[in-house]
Structures are given as C-alpha cells and as structure tokens.
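K.L.:
Have a peek at model_16.json (JSON, C-alpha atoms).
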```
[["chain", "number", "residue", "atom", "x", "y", "z"],
["A", 1, "MET", "CA", 0.00, 0.00, 0.00],
["A", 2, "LEU", "CA", 1.34, 3.43, -0.93],
["A", 3, "LEU", "CA", 1.57, 5.78, 2.03],
["A", 4, "ILE", "CA", 1.06, 9.47, 1.34],
["A", 5, "PRO", "CA", 2.18, 12.03, 3.96],
["A", 6, "CYS", "CA", -0.69, 14.53, 4.33],
["A", 7, "PRO", "CA", 0.75, 17.88, 5.57],
["A", 8, "TYR", "CA", -2.01, 17.95, 8.22],
["A", 9, "CYS", "CA", -2.61, 14.29, 9.23],
["A", 10, "GLY", "CA", 0.72, 12.56, 8.61],
["A", 11, "ALA", "CA", 1.31, 9.37, 6.59],
["A", 12, "ARG", "CA", -1.96, 7.79, 5.49],
["A", 13, "PRO", "CA", -2.89, 5.02, 3.05],
["A", 14, "GLU", "CA", -3.44, 5.83, -0.61],
["A", 15, "ILE", "CA", -7.15, 4.85, -0.54],
["A", 16, "GLU", "CA", -7.95, 7.95, 1.55],
["A", 17, "PHE", "CA", -6.70, 10.26, -1.22],
["A", 18, "HIS", "CA", -7.81, 11.47, -4.61],
["A", 19, "CYS", "CA", -5.41, 12.87, -7.20],
["A", 20, "GLY", "CA", -6.37, 16.21, -8.73],
["A", 21, "GLY", "CA", -3.92, 16.35, -11.63],
["A", 22, "GLU", "CA", -1.06, 18.71, -12.36],
["A", 23, "ALA", "CA", -0.34, 21.43, -9.76],
["A", 24, "HIS", "CA", 0.65, 25.10, -10.13],
["A", 25, "ILE", "CA", -1.63, 25.91, -13.08],
["A", 26, "ALA", "CA", -2.65, 29.54, -12.61],
["A", 27, "ARG", "CA", -5.82, 30.88, -14.23],
["A", 28, "PRO", "CA", -4.93, 33.57, -16.80],
["A", 29, "GLU", "CA", -5.51, 37.13, -15.55],
["A", 30, "ASN", "CA", -7.62, 38.09, -18.55],
["A", 31, "PRO", "CA", -9.16, 35.05, -20.29],
["A", 32, "ALA", "CA", -10.87, 37.27, -22.88],
["A", 33, "ALA", "CA", -7.49, 38.37, -24.23],
["A", 34, "LEU", "CA", -6.39, 34.81, -25.01],
["A", 35, "SER", "CA", -6.61, 33.07, -28.35],
["A", 36, "ASP", "CA", -8.63, 29.85, -28.53],
["A", 37, "ALA", "CA", -5.39, 27.86, -28.68],
["A", 38, "GLU", "CA", -4.01, 29.54, -25.53],
["A", 39, "TRP", "CA", -7.31, 29.02, -23.69],
["A", 40, "ALA", "CA", -7.44, 25.36, -24.74],
["A", 41, "ASP", "CA", -3.84, 25.02, -23.55],
["A", 42, "TYR", "CA", -4.82, 26.37, -20.11],
["A", 43, "LEU", "CA", -7.92, 24.16, -19.89],
["A", 44, "PHE", "CA", -6.79, 20.86, -21.33],
["A", 45, "ILE", "CA", -3.08, 20.51, -22.00],
["A", 46, "ARG", "CA", -1.25, 18.87, -19.12],
["A", 47, "LYS", "CA", 2.29, 17.62, -18.63],
["A", 48, "SER", "CA", 2.78, 13.87, -18.37],
["A", 49, "PRO", "CA", 6.46, 13.55, -17.51],
["A", 50, "LYS", "CA", 8.40, 10.36, -16.93],
["A", 51, "GLY", "CA", 9.99, 11.27, -13.60],
["A", 52, "VAL", "CA", 9.33, 14.08, -11.13],
["A", 53, "HIS", "CA", 5.83, 15.58, -11.32],
["A", 54, "ALA", "CA", 4.04, 18.12, -9.08],
["A", 55, "GLU", "CA", 0.39, 17.17, -8.50],
["A", 56, "ARG", "CA", -2.59, 18.29, -6.47],
["A", 57, "TRP", "CA", -3.96, 15.72, -4.04],
["A", 58, "LEU", "CA", -7.11, 15.75, -1.91],
["A", 59, "HIS", "CA", -7.27, 13.97, 1.45],
["A", 60, "SER", "CA", -10.92, 13.25, 0.76],
["A", 61, "HIS", "CA", -11.47, 10.55, 3.40],
["A", 62, "GLY", "CA", -9.44, 12.30, 6.08],
["A", 63, "CYS", "CA", -9.11, 16.00, 6.86],
["A", 64, "GLY", "CA", -10.69, 16.98, 3.51],
["A", 65, "ARG", "CA", -7.87, 19.36, 2.53],
["A", 66, "TRP", "CA", -6.11, 19.83, -0.80],
["A", 67, "PHE", "CA", -2.33, 19.86, -0.84],
["A", 68, "ASN", "CA", 0.48, 19.51, -3.38],
["A", 69, "ALA", "CA", 2.73, 16.50, -3.78],
["A", 70, "VAL", "CA", 5.87, 15.88, -5.81],
["A", 71, "ARG", "CA", 5.74, 12.33, -7.14],
["A", 72, "ASN", "CA", 8.17, 10.28, -9.18],
["A", 73, "THR", "CA", 5.94, 8.81, -11.88],
["A", 74, "VAL", "CA", 8.46, 6.04, -12.60],
["A", 75, "SER", "CA", 8.64, 4.57, -9.08],
["A", 76, "ASP", "CA", 5.24, 5.96, -7.90],
["A", 77, "SER", "CA", 6.98, 7.26, -4.77],
["A", 78, "ILE", "CA", 5.90, 10.52, -3.14],
["A", 79, "LEU", "CA", 9.05, 12.66, -2.80],
["A", 80, "ALA", "CA", 7.52, 15.60, -0.88],
["A", 81, "THR", "CA", 4.18, 17.10, 0.10],
["A", 82, "TYR", "CA", 3.51, 20.75, 0.86],
["A", 83, "LYS", "CA", 0.54, 22.99, 1.54],
["A", 84, "MET", "CA", -1.50, 24.75, -1.12],
["A", 85, "GLY", "CA", -0.01, 28.12, -2.05],
["A", 86, "ALA", "CA", 3.54, 27.11, -1.19],
["A", 87, "PRO", "CA", 6.08, 27.19, -4.05],
["A", 88, "ARG", "CA", 7.18, 23.94, -5.66],
["A", 89, "PRO", "CA", 10.29, 22.62, -3.87],
["A", 90, "ASP", "CA", 13.33, 21.83, -6.00],
["A", 91, "ILE", "CA", 13.54, 18.05, -5.73],
["A", 92, "ALA", "CA", 15.67, 15.51, -7.57],
["A", 93, "ALA", "CA", 14.20, 12.21, -8.83],
["A", 94, "ASP", "CA", 16.50, 10.13, -6.61],
["A", 95, "THR", "CA", 15.18, 11.70, -3.37],
["A", 96, "PRO", "CA", 14.04, 8.98, -0.93],
["A", 97, "ALA", "CA", 10.25, 8.55, -0.68],
["A", 98, "GLN", "CA", 8.52, 10.37, 2.19],
["A", 99, "GLY", "CA", 5.67, 7.98, 2.92],
["A", 100, "GLY", "CA", 7.29, 4.67, 2.01],
["A", 101, "LYS", "CA", 5.73, 1.79, 0.15],
["B", 1, "MET", "CA", -39.34, 9.90, 0.78],
["B", 2, "SER", "CA", -39.16, 11.38, 4.27],
["B", 3, "GLU", "CA", -40.94, 8.30, 5.64],
["B", 4, "LEU", "CA", -38.42, 6.06, 3.91],
["B", 5, "LEU", "CA", -35.50, 8.01, 5.38],
["B", 6, "ALA", "CA", -37.09, 7.81, 8.81],
["B", 7, "GLU", "CA", -37.13, 4.02, 8.54],
["B", 8, "ILE", "CA", -33.58, 3.36, 7.34],
["B", 9, "PRO", "CA", -31.03, 4.60, 9.89],
["B", 10, "ALA", "CA", -31.17, 2.97, 13.28],
["B", 11, "SER", "CA", -33.89, 0.42, 12.57],
["B", 12, "ALA", "CA", -31.65, -2.12, 10.81],
["B", 13, "LEU", "CA", -28.68, -2.33, 13.19],
["B", 14, "VAL", "CA", -27.10, -5.70, 13.86],
["B", 15, "PRO", "CA", -28.96, -7.33, 16.81],
["B", 16, "GLU", "CA", -27.09, -7.33, 20.11],
["B", 17, "GLY", "CA", -25.70, -10.60, 21.39],
["B", 18, "HIS", "CA", -22.69, -12.89, 21.12],
["B", 19, "TYR", "CA", -21.11, -13.64, 17.75],
["B", 20, "GLY", "CA", -18.58, -16.39, 17.08],
["B", 21, "PRO", "CA", -17.17, -19.13, 19.31],
["B", 22, "ARG", "CA", -18.11, -19.24, 22.99],
["B", 23, "THR", "CA", -14.97, -18.40, 24.93],
["B", 24, "PRO", "CA", -14.83, -17.82, 28.71],
["B", 25, "ALA", "CA", -14.62, -14.08, 27.99],
["B", 26, "PRO", "CA", -15.37, -12.37, 24.66],
["B", 27, "GLY", "CA", -12.31, -11.29, 22.70],
["B", 28, "VAL", "CA", -14.00, -8.06, 21.64],
["B", 29, "VAL", "CA", -16.77, -6.07, 23.31],
["B", 30, "ALA", "CA", -18.58, -3.63, 21.02],
["B", 31, "ALA", "CA", -21.13, -1.19, 22.38],
["B", 32, "GLN", "CA", -23.28, 1.40, 20.70],
["B", 33, "LEU", "CA", -23.15, 4.41, 23.04],
["B", 34, "SER", "CA", -26.41, 6.32, 23.20],
["B", 35, "GLN", "CA", -25.90, 8.83, 26.03],
["B", 36, "LEU", "CA", -23.68, 11.12, 23.96],
["B", 37, "ALA", "CA", -24.19, 14.51, 22.33],
["B", 38, "LEU", "CA", -22.08, 15.38, 19.29],
["B", 39, "ALA", "CA", -21.40, 18.66, 17.51],
["B", 40, "THR", "CA", -18.95, 19.80, 14.87],
["B", 41, "VAL", "CA", -16.94, 22.93, 15.65],
["B", 42, "ALA", "CA", -15.67, 24.80, 12.57],
["B", 43, "VAL", "CA", -13.39, 27.66, 13.61],
["B", 44, "ARG", "CA", -13.51, 30.82, 11.48],
["B", 45, "PRO", "CA", -10.37, 31.66, 9.46],
["B", 46, "ASN", "CA", -7.65, 33.35, 11.56],
["B", 47, "ALA", "CA", -9.61, 32.70, 14.78],
["B", 48, "LEU", "CA", -7.81, 29.55, 15.90],
["B", 49, "ASP", "CA", -5.61, 31.29, 18.49],
["B", 50, "LEU", "CA", -8.62, 33.09, 19.95],
["B", 51, "VAL", "CA", -10.64, 29.84, 20.11],
["B", 52, "ALA", "CA", -7.72, 28.09, 21.80],
["B", 53, "GLU", "CA", -7.70, 30.84, 24.46],
["B", 54, "LEU", "CA", -11.49, 30.64, 24.89],
["B", 55, "ALA", "CA", -11.40, 26.83, 25.15],
["B", 56, "LEU", "CA", -8.80, 27.02, 27.89],
["B", 57, "GLU", "CA", -10.57, 29.83, 29.75],
["B", 58, "LYS", "CA", -14.25, 28.80, 29.42],
["B", 59, "LEU", "CA", -14.05, 25.00, 29.07],
["B", 60, "GLY", "CA", -10.70, 24.17, 30.69],
["B", 61, "LEU", "CA", -9.62, 22.40, 27.50],
["B", 62, "ALA", "CA", -6.27, 22.64, 25.71],
["B", 63, "LEU", "CA", -7.39, 22.71, 22.06],
["B", 64, "PRO", "CA", -5.90, 19.67, 20.28],
["B", 65, "HIS", "CA", -3.36, 20.42, 17.54],
["B", 66, "GLY", "CA", -3.71, 18.00, 14.65],
["B", 67, "PRO", "CA", -5.58, 14.68, 14.85],
["B", 68, "ARG", "CA", -5.71, 14.31, 18.65],
["B", 69, "THR", "CA", -8.27, 14.48, 21.45],
["B", 70, "ALA", "CA", -8.55, 16.69, 24.51],
["B", 71, "SER", "CA", -10.91, 16.10, 27.42],
["B", 72, "ALA", "CA", -12.13, 18.07, 30.42],
["B", 73, "GLY", "CA", -14.80, 16.50, 32.61],
["B", 74, "ASP", "CA", -17.64, 15.25, 30.42],
["B", 75, "LEU", "CA", -16.52, 17.17, 27.31],
["B", 76, "THR", "CA", -14.11, 15.85, 24.65],
["B", 77, "LEU", "CA", -12.82, 17.61, 21.54],
["B", 78, "VAL", "CA", -11.46, 15.52, 18.65],
["B", 79, "GLY", "CA", -9.41, 17.19, 15.92],
["B", 80, "THR", "CA", -10.83, 16.14, 12.54],
["B", 81, "GLY", "CA", -8.95, 18.54, 10.25],
["B", 82, "PRO", "CA", -7.41, 22.00, 10.21],
["B", 83, "ARG", "CA", -9.75, 24.27, 12.25],
["B", 84, "ARG", "CA", -12.29, 21.42, 12.50],
["B", 85, "PHE", "CA", -13.26, 19.57, 15.66],
["B", 86, "LEU", "CA", -15.90, 17.12, 16.84],
["B", 87, "ALA", "CA", -17.20, 17.93, 20.32],
["B", 88, "ILE", "CA", -18.58, 15.05, 22.40],
["B", 89, "GLY", "CA", -20.59, 15.58, 25.56],
["B", 90, "GLU", "CA", -21.26, 12.60, 27.83],
["B", 91, "GLY", "CA", -24.65, 12.19, 29.47],
["B", 92, "ILE", "CA", -26.23, 15.27, 27.85],
["B", 93, "THR", "CA", -28.26, 15.99, 24.71],
["B", 94, "GLY", "CA", -27.47, 18.13, 21.69],
["B", 95, "ASP", "CA", -29.11, 21.38, 22.77],
["B", 96, "PRO", "CA", -27.27, 21.86, 26.10],
["B", 97, "LEU", "CA", -23.98, 20.92, 24.39],
["B", 98, "LEU", "CA", -24.53, 23.53, 21.66],
["B", 99, "GLU", "CA", -25.49, 26.08, 24.29],
["B", 100, "ARG", "CA", -22.32, 25.37, 26.26],
["B", 101, "LEU", "CA", -20.08, 25.54, 23.19],
["B", 102, "GLY", "CA", -21.85, 28.64, 21.88],
["B", 103, "HIS", "CA", -21.42, 30.37, 25.24],
["B", 104, "ALA", "CA", -17.69, 29.53, 25.18],
["B", 105, "PHE", "CA", -16.84, 30.28, 21.54],
["B", 106, "GLY", "CA", -19.39, 32.96, 20.61],
["B", 107, "LYS", "CA", -19.08, 33.92, 16.94],
["B", 108, "THR", "CA", -15.55, 32.59, 16.51],
["B", 109, "ALA", "CA", -16.79, 29.13, 15.46],
["B", 110, "ALA", "CA", -19.71, 27.59, 13.59],
["B", 111, "LEU", "CA", -21.46, 24.83, 15.56],
["B", 112, "THR", "CA", -23.60, 22.05, 14.10],
["B", 113, "ASP", "CA", -25.45, 19.46, 16.16],
["B", 114, "GLN", "CA", -24.49, 15.93, 15.04],
["B", 115, "SER", "CA", -26.15, 13.98, 17.86],
["B", 116, "ASP", "CA", -28.60, 12.42, 15.41],
["B", 117, "GLY", "CA", -26.17, 12.40, 12.50],
["B", 118, "GLN", "CA", -23.46, 10.16, 13.88],
["B", 119, "MET", "CA", -23.50, 7.07, 16.07],
["B", 120, "VAL", "CA", -20.63, 6.23, 18.41],
["B", 121, "ILE", "CA", -19.42, 2.63, 18.67],
["B", 122, "GLN", "CA", -16.95, 1.69, 21.40],
["B", 123, "LEU", "CA", -14.60, -1.27, 21.09],
["B", 124, "SER", "CA", -12.70, -2.90, 23.94],
["B", 125, "GLY", "CA", -11.39, -6.33, 24.86],
["B", 126, "PRO", "CA", -8.09, -8.22, 24.42],
["B", 127, "ARG", "CA", -8.53, -8.96, 20.69],
["B", 128, "THR", "CA", -9.63, -5.45, 19.68],
["B", 129, "ARG", "CA", -6.43, -4.67, 17.73],
["B", 130, "ASP", "CA", -6.57, -8.02, 15.92],
["B", 131, "THR", "CA", -10.11, -7.17, 14.83],
["B", 132, "LEU", "CA", -9.25, -3.63, 13.78],
["B", 133, "ALA", "CA", -6.23, -4.85, 11.81],
["B", 134, "LYS", "CA", -8.77, -6.23, 9.35],
["B", 135, "LEU", "CA", -10.84, -3.04, 9.20],
["B", 136, "VAL", "CA", -8.76, 0.10, 9.69],
["B", 137, "PRO", "CA", -6.16, 1.03, 7.03],
["B", 138, "ILE", "CA", -3.98, 3.00, 9.48],
["B", 139, "ASP", "CA", -1.43, 1.57, 11.93],
["B", 140, "LEU", "CA", -2.95, 1.25, 15.42],
["B", 141, "ASP", "CA", 0.17, -0.18, 17.08],
["B", 142, "PRO", "CA", 0.63, 1.60, 20.45],
["B", 143, "SER", "CA", 4.06, 2.84, 19.31],
["B", 144, "VAL", "CA", 2.40, 5.12, 16.72],
["B", 145, "PHE", "CA", -1.30, 5.42, 17.74],
["B", 146, "LYS", "CA", -1.65, 6.09, 21.46],
["B", 147, "ALA", "CA", -4.48, 7.04, 23.80],
["B", 148, "GLY", "CA", -5.54, 10.54, 22.78],
["B", 149, "ASP", "CA", -4.69, 10.03, 19.11],
["B", 150, "ALA", "CA", -7.44, 10.34, 16.50],
["B", 151, "ALA", "CA", -7.83, 9.85, 12.76],
["B", 152, "ALA", "CA", -10.48, 10.53, 10.16],
["B", 153, "THR", "CA", -10.24, 7.51, 7.88],
["B", 154, "LEU", "CA", -12.19, 4.72, 6.18],
["B", 155, "VAL", "CA", -13.55, 1.43, 7.48],
["B", 156, "ALA", "CA", -15.02, -0.87, 4.81],
["B", 157, "LEU", "CA", -15.23, 2.21, 2.54],
["B", 158, "ILE", "CA", -17.29, 4.03, 5.22],
["B", 159, "PRO", "CA", -15.87, 7.40, 6.36],
["B", 160, "VAL", "CA", -15.35, 7.23, 10.12],
["B", 161, "LEU", "CA", -13.60, 9.14, 12.85],
["B", 162, "ILE", "CA", -11.59, 6.90, 15.19],
["B", 163, "TRP", "CA", -9.96, 7.88, 18.45],
["B", 164, "GLN", "CA", -8.35, 5.93, 21.25],
["B", 165, "ALA", "CA", -10.08, 6.75, 24.53],
["B", 166, "ASP", "CA", -7.97, 4.57, 26.82],
["B", 167, "PRO", "CA", -4.65, 2.66, 26.57],
["B", 168, "ALA", "CA", -6.50, -0.53, 27.71],
["B", 169, "PRO", "CA", -7.16, -0.30, 24.64],
["B", 170, "ILE", "CA", -10.55, 1.30, 24.16],
["B", 171, "TYR", "CA", -11.30, 2.74, 20.72],
["B", 172, "ARG", "CA", -14.31, 4.79, 19.74],
["B", 173, "PHE", "CA", -15.75, 5.30, 16.27],
["B", 174, "ALA", "CA", -18.06, 8.07, 15.11],
["B", 175, "VAL", "CA", -19.94, 6.61, 12.15],
["B", 176, "PRO", "CA", -22.50, 8.40, 9.94],
["B", 177, "ARG", "CA", -25.88, 7.19, 11.20],
["B", 178, "SER", "CA", -27.15, 5.63, 7.98],
["B", 179, "PHE", "CA", -23.85, 3.76, 7.52],
["B", 180, "THR", "CA", -23.91, 2.27, 11.03],
["B", 181, "PRO", "CA", -25.68, -1.00, 10.03],
["B", 182, "ALA", "CA", -23.04, -1.61, 7.32],
["B", 183, "PHE", "CA", -20.27, -0.68, 9.76],
["B", 184, "LEU", "CA", -21.62, -3.10, 12.38],
["B", 185, "ARG", "CA", -21.91, -5.92, 9.85],
["B", 186, "ALA", "CA", -18.26, -5.38, 8.83],
["B", 187, "LEU", "CA", -17.28, -5.26, 12.51],
["B", 188, "VAL", "CA", -19.13, -8.47, 13.40],
["B", 189, "GLY", "CA", -17.65, -10.19, 10.35],
["B", 190, "ALA", "CA", -14.13, -9.19, 11.39],
["B", 191, "GLY", "CA", -14.49, -9.83, 15.12],
["B", 192, "ALA", "CA", -16.58, -13.03, 15.18],
["B", 193, "GLU", "CA", -13.55, -15.35, 15.07],
["B", 194, "PHE", "CA", -12.37, -13.91, 18.41],
["B", 195, "GLY", "CA", -15.85, -14.02, 20.01],
["B", 196, "LEU", "CA", -17.58, -10.64, 19.80],
["B", 197, "GLN", "CA", -20.12, -9.33, 22.28],
["B", 198, "LEU", "CA", -22.34, -6.59, 20.83],
["B", 199, "THR", "CA", -24.46, -4.41, 23.11],
["B", 200, "GLY", "CA", -26.60, -1.31, 22.82],
["B", 201, "THR", "CA", -28.22, -2.10, 19.48],
["B", 202, "GLY", "CA", -31.35, -3.77, 20.89],
["B", 203, "ARG", "CA", -33.02, -6.28, 18.60],
["B", 204, "GLY", "CA", -31.36, -4.72, 15.55]]
```
Let me see the file written as structure tokens.

P.N.:
Amino acid sequence: MLLIPCPYCGARPEIEFHCGGEAHIARPENPAALSDAEWADYLFIRKSPKGVHAERWLHSHGCGRWFNAVRNTVSDSILATYKMGAPRPDIAADTPAQGGK
Amino acid sequence: MSELLAEIPASALVPEGHYGPRTPAPGVVAAQLSQLALATVAVRPNALDLVAELALEKLGLALPHGPRTASAGDLTLVGTGPRRFLAIGEGITGDPLLERLGHAFGKTAALTDQSDGQMVIQLSGPRTRDTLAKLVPIDLDPSVFKAGDAAATLVALIPVLIWQADPAPIYRFAVPRSFTPAFLRALVGAGAEFGLQLTGTGRG
C-alpha cells in the first residue's frame, strides 16, 4: 500500500486520497485576451512527464484538505508534500520517498 | 421519501448478542453508546488562536493540535482537520452541548449538532487490535497510535472518525448514522472469530 504524507494528518494510506492532476496551473488574468489555442492550452493541456511531477492531491477521506505532492511517476513514490499556495520545492528524482511503500 | 428516510437509519442495526465461538470471555466487546451529544466545531479563518484561548478559559480544554483528542470532565474535543473539531458531551443531549459551546466560543466558530447524524461505537477487549487490523487502514500499534490520538479515515469504505479513549485499549468510532448498520456488519464479520459481544443495538 502506498503511504502518502498529508501535511495535516501525517502518513496515510493511498485509498484515503484522490489525485487532482497537475499542480501550479494559474488561471490567466484576462481570459478574454487569449486566443482559442491559448485558452485550450490552459484548460486541457497537461504535462505527463516520466519522472518528477508536481500534483494536487485531496485527502478526501481524512481531513478533507487539498495539498500539493511531488511524485516520481516512474517509481510511484511521493518525494515531498507541501501545503497549497507554497512554491514547488526543487527536488531531484532520486530523493528517498517520504511515505514509504 | 421522508418516511423512507425515517425508517432506514437505526432500525436495521445488527442485533445485540454474542457472535462467534463461545470463549470464557469475549475477545472483543462492542457497544453502541447512546448517552452522547455530538457537535462539529468549525473555527472561522484566523480565529484559531482566539478559540484556543477561549477553550482554555471557558471549558478548561487545551485545544488539540492535529488529529488528537482533549478532554475536560464530560466534554471531549477531537481534531478532525485544520480548524475542524468534533465535540462530544457525555450524558447530555445536543441542545445543552450547543449552548455550552456557543457560550464559550461565541461567533468565533460555527457549531452544528451531530447527535442524530453520527453514532458512536466503542470497542474494547483483548482482541480489539486483531479485529481492527482487518478493518482500519492505518497503523494502530501503540508505538504510533496512542491514547488521545485520532484519525479521520475509512472502514469498509465508510468514512469514520476513530480515536483511542484509553490505553487498555478502548477505541471509539463516530460513524454516519445511515452507515452504522453496514459498519456493524463489517465489525461483526471481522471480530466473530475472536468471540464478539455486541451491546446497545437492541433487537437490531
């Protein structure tokens, strides 16, 4: 079972969480000024890297809070978790997993 | 529809009695506790420090930080999330509990009566941890989950709040009322091999 360290509750099993996709996507200041292609890029185009990826996660069956996690998509290990609004930490792919497997 | 809803919740609980092999003493004792009042306390943004002061001054409670419990007399607060608590009053009903909390916290927190919304199940007995190992996805070993610790988690896909009330060990679960029959069936299924005594649910 994958353990995910919630910034509020501590390490909890994966089944309590829900992944919310790529993190740090800011809504454009003035959507009306964008071209259709730029707007579609904001709405639909997401990164799918092989390696380190910053994602939003929801502790839906726990404290109910959203937070960000940096996950290695190759090993499926959570490298770091941090609260919403905090900047993405600079983390290498070979960082040891926080929650453990 | 309202008649249907009125029928579902507490009318189909698992009947009380002994489940599993007859041992000199039951391995697990499960009880549905009825003399409790429950209320959620949602603290307003930026008011947590003020509420902590008020709790200490008016209720004699040190507000729990994180998923833990704090008790003073017949009142217990369980941390369920950031700025969220479940208040439990023993031997009283919802209205006096809300009055007491409202008098203490004023407008710094939103209070919602949950006395009819959640049922509290208490587990004790020597094989309690063996039973819960089959139900609870978190580690309940006393080295990491001690008396006073709490967790909002899942049991048989049912969202529950669990806290350890005593190192004996005694665990308590707050379960949404309409999920309590399913919770009790999962509990009886997991605990029957150790001999499980269920009380407080009447004829089910």

K.L.:
To one decimal place, how far is CA of Arg68 (chain B) from CA of Leu79 (chain A) in Å?

P.N.:
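If I compute the distance from CA of Arg68 (chain B) to CA of Leu79 (chain A), I get 26.1 Å.
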
K.L.:
Using only C-alpha atoms, find the residues of chain A whose closest atom to chain B is at most 9 Å away, then write them as a list in words.

P.N.:
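Matching residues, ligands excluded from the count: Tyr8, Cys9, Ala11, Arg12, Pro13, Ile15, Glu16, His61, Gly62, Cys63, Gly64 and Arg65 of chain A.
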
K.L.:
Pick the closest to Pro169 (chain B) from B:Leu140, B:Leu61, B:Ala182, B:Leu75: which is it, counting all atoms listed in the file?

P.N.:
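Once distances to Pro169 (chain B) are computed over all atoms listed in the file, the minimum belongs to B:Leu140.
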
K.L.:
Residues near Gly85 (chain A), anyone? I mean within 9 Å using only C-alpha atoms, not counting same-chain ones fewer than 2 positions away, as a list in words.

P.N.:
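Residues meeting the cut-off are His24, Phe67, Asn68, Tyr82, Lys83 and Pro87 of chain A.
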
K.L.:
Would you list the contacts of Ser77 (chain A) as number ranges by chain, taking every protein, DNA or RNA residue within 10 Å and counting only C-alpha atoms, but skipping same-chain residues closer than 3 positions in sequence?

P.N.:
A: 2-4, 52, 70-74, 80, 93, 95-101

K.L.:
Put those residues in a file: C-alpha atoms, as a compact mmCIF listing (two decimals), in the frame of the given file.

P.N.:
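For reference, result.txt as written:
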```
# COMPACT_ATOMS: atom_id res chain seq x y z
CA LEU A 2 1.34 3.43 -0.93
CA LEU A 3 1.57 5.78 2.03
CA ILE A 4 1.06 9.47 1.34
CA VAL A 52 9.33 14.08 -11.13
CA VAL A 70 5.87 15.88 -5.81
CA ARG A 71 5.74 12.33 -7.14
CA ASN A 72 8.17 10.28 -9.18
CA THR A 73 5.94 8.81 -11.88
CA VAL A 74 8.46 6.04 -12.60
CA ALA A 80 7.52 15.60 -0.88
CA ALA A 93 14.20 12.21 -8.83
CA THR A 95 15.18 11.70 -3.37
CA PRO A 96 14.04 8.98 -0.93
CA ALA A 97 10.25 8.55 -0.68
CA GLN A 98 8.52 10.37 2.19
CA GLY A 99 5.67 7.98 2.92
CA GLY A 100 7.29 4.67 2.01
CA LYS A 101 5.73 1.79 0.15
```

K.L.:
Using only C-alpha atoms, which protein or nucleic acid residues come within 12 Å of region 33-47 of chain A? Drop anything in the same chain fewer than 3 positions from it, and give the result as a PDB file with C-alpha atoms, in the coordinates of the input.

P.N.:
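Saved result, out09.pdb, follows:
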```pdb
ATOM      1  CA  GLY A  20      -6.370  16.210  -8.730  1.00  0.00           C
ATOM      2  CA  GLY A  21      -3.920  16.350 -11.630  1.00  0.00           C
ATOM      3  CA  GLU A  22      -1.060  18.710 -12.360  1.00  0.00           C
ATOM      4  CA  ALA A  23      -0.340  21.430  -9.760  1.00  0.00           C
ATOM      5  CA  HIS A  24       0.650  25.100 -10.130  1.00  0.00           C
ATOM      6  CA  ILE A  25      -1.630  25.910 -13.080  1.00  0.00           C
ATOM      7  CA  ALA A  26      -2.650  29.540 -12.610  1.00  0.00           C
ATOM      8  CA  ARG A  27      -5.820  30.880 -14.230  1.00  0.00           C
ATOM      9  CA  PRO A  28      -4.930  33.570 -16.800  1.00  0.00           C
ATOM     10  CA  GLU A  29      -5.510  37.130 -15.550  1.00  0.00           C
ATOM     11  CA  ASN A  30      -7.620  38.090 -18.550  1.00  0.00           C
ATOM     12  CA  LYS A  50       8.400  10.360 -16.930  1.00  0.00           C
ATOM     13  CA  GLY A  51       9.990  11.270 -13.600  1.00  0.00           C
ATOM     14  CA  VAL A  52       9.330  14.080 -11.130  1.00  0.00           C
ATOM     15  CA  HIS A  53       5.830  15.580 -11.320  1.00  0.00           C
ATOM     16  CA  ALA A  54       4.040  18.120  -9.080  1.00  0.00           C
ATOM     17  CA  GLU A  55       0.390  17.170  -8.500  1.00  0.00           C
ATOM     18  CA  THR A  73       5.940   8.810 -11.880  1.00  0.00           C
TER      19      THR A  73
END
```
